[in-house]
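Trainee: A single structure is presented below for examination.
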Amino acid sequence: STFPNEMKAKVQHDDYGENHEKHVNIGVIEELYQVVTIERLANIARDYRKAYARADPFPHIVIDGIFPRRFLEALSNEIPESKTQDGCYYRKCLTRDGHNKKSFVDSENDMGLYARVFFGFLKSSTWVKFLEQLSGIPNIIP
């Protein structure tokens, strides 16, 4: 289906001290919420519950295709392709105590818009209910 909100919104973005405009495709975010619905996730949980529970050595599962490809591509494009002078991909970098050049983000303000939307979705009642249905574990706290 076609998403009518294929508009691109301009947002100011501070990326490593540089201010520039970044275009955000609102339709990609809308697609996430139109495709990953409570009903669809309930069907997925029902179909995969037994496989999840029987997995060895512990309950786990890999399910392809839950999230729209366009959204995942937009999210992936927010990750820097080049390293900083420290050899990391983000400004925050562990380079000591056996943590050789591990990048991390410790604030949502340092994330891109798609990452913030995605983490918000993973903390939503829709996603948590799916995890409860899939795993059989009640009262999961996001």
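A note on labels: chains of the structure tokens are A, B, ... as shown, every chain counts residues from 1, and ligands are counted from 1 in their shown order.
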Quick one: everything within 12 Å of Asp64 in chain A, counting only C-alpha atoms, minus sequence neighbours fewer than 3 positions away in the same chain. Send it as a list of chain:residue names.
Mentor: A:Ile44, A:Tyr48, A:Ile61, A:Phe67, A:Pro68, A:Arg69
Trainee: Next, write the just-selected residues to a file, as a PDB file, in the first residue's frame, keeping C-alpha atoms as the atom set.
Mentor:
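And here's again-v6.pdb as it stands now:
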```pdb
ATOM      1  CA  ILE A  44       2.789 -13.745  15.306  1.00  0.00           C
ATOM      2  CA  TYR A  48       5.646 -18.732  17.310  1.00  0.00           C
ATOM      3  CA  ILE A  61      13.349 -17.083  18.620  1.00  0.00           C
ATOM      4  CA  PHE A  67       9.354  -4.418  11.125  1.00  0.00           C
ATOM      5  CA  PRO A  68       9.001  -2.643   7.765  1.00  0.00           C
ATOM      6  CA  ARG A  69      12.188  -2.752   5.706  1.00  0.00           C
TER       7      ARG A  69
END
```
Trainee: Find the residues around Ala74 in chain A up to 10 Å (only C-alpha atoms counted), leave out those fewer than 5 positions away in its own chain, and share them as a VMD selection string.
Mentor: chain A and resid 24 to 25 28 to 29 69 79 112 to 115
Trainee: Measure the distance from CA of Val35 in chain A to CA of Asp106 in chain A in Å and round it to one decimal.
Mentor: 29.0 Å
Trainee: Interatomic distance between CA of Arg116 in chain A and CA of Phe71 in chain A?
Mentor: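 Between CA of Arg116 in chain A and CA of Phe71 in chain A the gap works out to 12.3 Å.
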Trainee: Would you mind listing what lies within 9 Å of Tyr52 in chain A as a ChimeraX atom specification, with only C-alpha atoms counted and same-chain residues fewer than 5 positions away left out?
Mentor: /A:58-62,134-135
Trainee: Store the residues picked out above, limited to C-alpha atoms, as a short mmCIF file (atom, residue, chain, number, x, y, z; two decimals), in the first residue's frame.
Mentor:
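So the final result, stored in again-v7.cif, reads:
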```
data_model
loop_
_atom_site.label_atom_id
_atom_site.label_comp_id
_atom_site.auth_asym_id
_atom_site.auth_seq_id
_atom_site.Cartn_x
_atom_site.Cartn_y
_atom_site.Cartn_z
CA PHE A 58 16.86 -21.56 26.48
CA PRO A 59 13.64 -20.04 25.11
CA HIS A 60 14.43 -17.72 22.19
CA ILE A 61 13.35 -17.08 18.62
CA VAL A 62 14.27 -15.17 15.47
CA LEU A 134 5.02 -14.79 22.93
CA SER A 135 6.91 -15.72 26.08
#
```
